[in-house]
Amino acid sequence: MFLSEAILKQIHENAHQVDLDNRFPDEDYALLKEAGYFKAQVPKEYGGFGLSLKEIAHEQTRLAQAAPGTALGINMHQIIVGMAKYMVKNGNLAGEQILKDAVNGELLAFGISEPANDRVLFGSTTTAHKQEDGGYLFKGRKVFISMVNQCTRLVTYGQEETPQGPMSVFAYIDNDKKTVIADDNWNALGMRATQSNNVLLNDAYAPKERILTKVKPGPSYDPVVFGIFGYFEILLAATYHGIGNRAIEIGVEVVKKRKSVANNTTYSNDKDIRWRIADAAIRQDAVSYQIDGLSDQFESGYDHGMLWMPKLSAVKNTSVEASMHAVNEIVRASGGMSYYNTHELSRLLRDVHAGLFQPSDQESLHNGWANVLVGPIEK
């Protein structure tokens with residue numbers, strides 16, 4: 001284990017008030033930074049602690065059990081660091097600067113999603129204009145950008161029109177408040193600690209050496225695109241997995257204390273309540289093996305062929321659905337007290353639903369599998 005139980009306990013104690021205040025948990029990030037979590041998965045030769053993808057996934061699950069919003073926010077930093085590690089491993093040394101920044105305590109954000117753009121990583125509505133010095137200016141709107149007011153740098157992308165056709169340009173840019181303009185609009189149902197504001201890129205500049213890659217829009221095994229996709233889906237799965245795990249912990253505590261007047265015993269002796277808790281745990285247990293297996297395969301370079309991206313989409317969806325199921329079952333088993341905002345279960349109920357809106361969604365997931373198994377729709 002990397003994060004100590006003492007740190008997780010303090011972060012857990014902060015979670016309720018942070019959610020109530022709808023604010024960024026600065027105190028949590030100070031604890032994580034001091035613990036070296038910003039550089040946890042940076043390879044040792046770059047000054048980090050060298051955690052594997054499976055190990056950082058386990059830490060994200062533990063952190064989410066303590067505070068889902070804090071875990072989901074720092075998850076975006078870990079995705080960027082993982083992408084950089086994957087880039088360097090596969091020969092793209094532009095990722096080295098990201099690794100060095102993580103070691104130096106920089107907080108990094110993920111600026112990809114755009115309003116109403118269901119292509120997500122595979123085609124941008126933001127424009128990328130090449131400059132005489134080889135750098136690029138990015139102009140467009142981004143949404144759900146966690147930690148945008150706190151990060152020092154972020155990875156983003158836009159579309160360049162070239163004589164050979166459109167190209168997706170991925171870059172690593174400074175968080176210049178004059179050109180990276182946050183809307184401060186975050187007043188969401190759950191995951192309030194992420195502070196995932198909308199952002200306007202107004203000629204945000206990336207110098208030539210910060211251009212990570214240029215590829216044709218669409219699915220790609222380019223180390224930047226595939227690195228983002230792999231780390232995003234696996235670490236998102238790991239984070240939401242923690243919510244379901246925490247719900248079960250709460251449920252077990254509650255039913256051992258909650259008493260049935262009709263039966264004159266605790267609900268831990270009610271066979272129907274026991275079934276709900278067991279059913280939630282069974283679904284959760286299966287997800288942990290899927291996360292571990294894909295983590296190992298991704299880092300080892302295992303070849304799933306055309307099913308790689310569908311499998312990565314599947315682990316995120318499976319985790320979110322299992323945790324939603326777990327939270328719902330535990331709320332049913334815990335009774336009306338879980339409906340109060342003062343109860344942790346009510347926050348988990350709100351937080352877990354954020355997973356519905358993060359890619360890959362169920363429509364994309366099923367379409368990806370169908371295209372591989374059956375072939376594309378004939379026109």
# chains A, B, ... in the order shown; residues from 1 in each chain; ligands from 1

$ residues_around --residues "stretch 105-119 of chain A" --least-positions-apart "3" --cutoff "6 Å" --atoms "only C-alpha atoms" --output "number ranges by chain"
A: 76-77, 101-102, 122-123, 142-143, 145, 151-156

$ write_last_selection --atoms "N, CA, C and O atoms" --output "compact mmCIF listing (two decimals), in the first residue's frame"
# COMPACT_ATOMS: atom_id res chain seq x y z
N MET A 76 -7.32 12.20 -12.80
CA MET A 76 -6.97 12.82 -14.07
C MET A 76 -5.46 13.10 -14.15
O MET A 76 -4.85 12.94 -15.21
N HIS A 77 -4.88 13.50 -13.05
CA HIS A 77 -3.42 13.65 -12.99
C HIS A 77 -2.73 12.32 -13.25
O HIS A 77 -1.78 12.24 -14.04
N ASP A 101 7.79 16.94 -14.54
CA ASP A 101 6.90 17.88 -13.85
C ASP A 101 6.17 17.20 -12.69
O ASP A 101 5.98 17.80 -11.62
N ALA A 102 5.75 15.96 -12.89
CA ALA A 102 5.08 15.22 -11.81
C ALA A 102 6.02 15.02 -10.63
O ALA A 102 5.63 15.16 -9.46
N PHE A 122 -11.53 11.06 -30.31
CA PHE A 122 -11.32 10.67 -31.71
C PHE A 122 -11.70 11.74 -32.73
O PHE A 122 -11.95 11.45 -33.89
N GLY A 123 -11.74 12.97 -32.31
CA GLY A 123 -12.04 14.07 -33.23
C GLY A 123 -12.50 15.29 -32.47
O GLY A 123 -13.48 15.23 -31.73
N LYS A 142 -13.92 23.41 -23.83
CA LYS A 142 -13.78 22.11 -23.19
C LYS A 142 -14.71 22.05 -21.98
O LYS A 142 -15.03 23.08 -21.38
N VAL A 143 -15.14 20.84 -21.63
CA VAL A 143 -16.07 20.68 -20.51
C VAL A 143 -15.56 19.61 -19.55
O VAL A 143 -14.77 18.75 -19.92
N ILE A 145 -13.54 19.77 -16.90
CA ILE A 145 -12.09 19.79 -16.73
C ILE A 145 -11.78 19.88 -15.24
O ILE A 145 -11.73 20.96 -14.65
N CYS A 151 -4.49 23.20 -11.37
CA CYS A 151 -3.39 22.57 -12.10
C CYS A 151 -2.42 23.62 -12.64
O CYS A 151 -2.78 24.78 -12.83
N THR A 152 -1.20 23.20 -12.89
CA THR A 152 -0.21 24.10 -13.49
C THR A 152 -0.12 23.89 -15.00
O THR A 152 0.16 24.82 -15.74
N ARG A 153 -0.37 22.65 -15.45
CA ARG A 153 -0.33 22.33 -16.87
C ARG A 153 -1.41 21.31 -17.19
O ARG A 153 -1.88 20.61 -16.28
N LEU A 154 -1.78 21.22 -18.45
CA LEU A 154 -2.79 20.24 -18.84
C LEU A 154 -2.55 19.74 -20.26
O LEU A 154 -1.94 20.42 -21.08
N VAL A 155 -3.03 18.54 -20.50
CA VAL A 155 -2.99 17.95 -21.84
C VAL A 155 -4.31 18.24 -22.52
O VAL A 155 -5.38 18.06 -21.94
N THR A 156 -4.24 18.72 -23.76
CA THR A 156 -5.45 19.01 -24.52
C THR A 156 -5.21 18.64 -25.97
O THR A 156 -4.13 18.18 -26.35

$ select_by_dssp --residues "stretch 41-125 of chain A" --states "helix (DSSP H, G or I)" --output "PyMOL selection string"
chain A and resi 44-46+53-66+68-89+93-103+120-122

$ closest_residue --among "A:Lys178, A:His325, A:His304, A:Lys85" --to "A:Lys100" --atoms "only C-alpha atoms"
A:Lys85

$ residues_around --residues "A:Val287" --least-positions-apart "5" --cutoff "8 Å" --atoms "only C-alpha atoms" --output "list in words"
His241, Val315, Thr318, Ser319 and Ala322 of chain A

$ write_last_selection --atoms "N, CA and C atoms" --output "tab-separated table (two decimals), in the first residue's frame"
chain	number	residue	atom	x	y	z
A	241	HIS	N	-14.86	1.65	-8.68
A	241	HIS	CA	-14.88	0.41	-7.92
A	241	HIS	C	-14.81	0.71	-6.41
A	315	VAL	N	-14.34	-2.46	-19.14
A	315	VAL	CA	-13.99	-2.50	-17.73
A	315	VAL	C	-14.53	-1.27	-17.00
A	318	THR	N	-18.39	-1.86	-16.74
A	318	THR	CA	-18.69	-2.92	-15.79
A	318	THR	C	-18.51	-2.43	-14.36
A	319	SER	N	-17.45	-1.67	-14.12
A	319	SER	CA	-17.20	-1.15	-12.78
A	319	SER	C	-18.27	-0.17	-12.34
A	322	ALA	N	-21.56	-2.01	-11.70
A	322	ALA	CA	-21.48	-2.82	-10.48
A	322	ALA	C	-21.56	-1.94	-9.24

$ decode --residues "stretch 154-245 of chain A" --atoms "C-alpha atoms" --output "CSV table (one decimal), in the first residue's frame"
chain,number,residue,atom,x,y,z
A,154,LEU,CA,-2.8,20.2,-18.8
A,155,VAL,CA,-3.0,17.9,-21.8
A,156,THR,CA,-5.4,19.0,-24.5
A,157,TYR,CA,-6.1,18.6,-28.2
A,158,GLY,CA,-7.6,20.3,-31.3
A,159,GLN,CA,-8.0,19.7,-35.0
A,160,GLU,CA,-5.7,21.1,-37.6
A,161,GLU,CA,-6.8,21.3,-41.3
A,162,THR,CA,-4.0,20.2,-43.6
A,163,PRO,CA,-3.8,19.6,-47.4
A,164,GLN,CA,-3.7,15.9,-46.5
A,165,GLY,CA,-6.9,16.2,-44.4
A,166,PRO,CA,-7.7,16.9,-40.7
A,167,MET,CA,-5.2,16.0,-38.0
A,168,SER,CA,-5.7,15.7,-34.3
A,169,VAL,CA,-2.9,17.7,-32.5
A,170,PHE,CA,-2.3,16.7,-28.9
A,171,ALA,CA,-0.3,19.2,-26.7
A,172,TYR,CA,0.9,19.9,-23.2
A,173,ILE,CA,0.1,23.5,-22.3
A,174,ASP,CA,0.6,25.8,-19.4
A,175,ASN,CA,-2.4,26.8,-17.4
A,176,ASP,CA,-2.2,30.5,-18.4
A,177,LYS,CA,-5.3,32.1,-17.0
A,178,LYS,CA,-5.4,34.6,-19.9
A,179,THR,CA,-5.8,31.9,-22.5
A,180,VAL,CA,-7.2,29.0,-20.4
A,181,ILE,CA,-10.3,30.6,-19.1
A,182,ALA,CA,-12.4,28.6,-16.5
A,183,ASP,CA,-16.1,29.3,-16.2
A,184,ASP,CA,-16.4,28.2,-12.5
A,185,ASN,CA,-19.7,26.7,-13.3
A,186,TRP,CA,-19.4,23.5,-11.2
A,187,ASN,CA,-22.6,22.9,-9.2
A,188,ALA,CA,-23.2,19.3,-10.0
A,189,LEU,CA,-25.3,16.6,-8.3
A,190,GLY,CA,-22.2,14.7,-7.2
A,191,MET,CA,-18.4,14.5,-7.4
A,192,ARG,CA,-18.5,18.1,-6.2
A,193,ALA,CA,-14.9,18.0,-5.0
A,194,THR,CA,-13.5,17.6,-8.5
A,195,GLN,CA,-14.5,21.1,-9.5
A,196,SER,CA,-14.8,20.1,-13.1
A,197,ASN,CA,-15.4,23.4,-14.7
A,198,ASN,CA,-16.0,24.4,-18.3
A,199,VAL,CA,-13.0,26.0,-20.0
A,200,LEU,CA,-12.5,28.3,-23.0
A,201,LEU,CA,-9.2,27.8,-24.8
A,202,ASN,CA,-8.6,31.3,-26.3
A,203,ASP,CA,-5.4,30.9,-28.4
A,204,ALA,CA,-3.8,28.7,-25.7
A,205,TYR,CA,-0.2,28.2,-26.9
A,206,ALA,CA,1.9,25.1,-27.0
A,207,PRO,CA,5.5,25.4,-28.2
A,208,LYS,CA,6.9,22.9,-30.6
A,209,GLU,CA,8.6,20.8,-28.0
A,210,ARG,CA,5.2,20.4,-26.2
A,211,ILE,CA,3.4,18.9,-29.1
A,212,LEU,CA,2.9,15.3,-28.1
A,213,THR,CA,1.6,13.9,-31.3
A,214,LYS,CA,-0.3,14.5,-34.5
A,215,VAL,CA,-2.6,11.8,-35.8
A,216,LYS,CA,-5.6,11.3,-38.1
A,217,PRO,CA,-8.9,11.6,-36.1
A,218,GLY,CA,-10.3,8.3,-35.0
A,219,PRO,CA,-9.3,5.3,-32.9
A,220,SER,CA,-5.5,4.9,-32.9
A,221,TYR,CA,-2.7,2.9,-31.3
A,222,ASP,CA,-0.5,6.0,-31.3
A,223,PRO,CA,1.2,6.0,-27.8
A,224,VAL,CA,-0.5,9.2,-26.9
A,225,VAL,CA,-4.0,8.3,-27.9
A,226,PHE,CA,-3.9,4.7,-26.8
A,227,GLY,CA,-2.0,5.7,-23.6
A,228,ILE,CA,-4.8,8.1,-22.7
A,229,PHE,CA,-7.5,5.6,-23.6
A,230,GLY,CA,-6.0,2.8,-21.6
A,231,TYR,CA,-5.1,4.7,-18.4
A,232,PHE,CA,-8.4,6.6,-18.5
A,233,GLU,CA,-10.6,3.6,-18.7
A,234,ILE,CA,-8.7,1.4,-16.2
A,235,LEU,CA,-8.1,4.1,-13.6
A,236,LEU,CA,-11.7,5.3,-14.0
A,237,ALA,CA,-12.9,1.7,-13.4
A,238,ALA,CA,-10.6,1.5,-10.3
A,239,THR,CA,-12.0,4.8,-8.9
A,240,TYR,CA,-15.6,3.9,-9.3
A,241,HIS,CA,-14.9,0.4,-7.9
A,242,GLY,CA,-14.0,2.1,-4.6
A,243,ILE,CA,-17.4,3.6,-4.3
A,244,GLY,CA,-19.1,0.2,-4.5
A,245,ASN,CA,-16.6,-1.2,-2.0
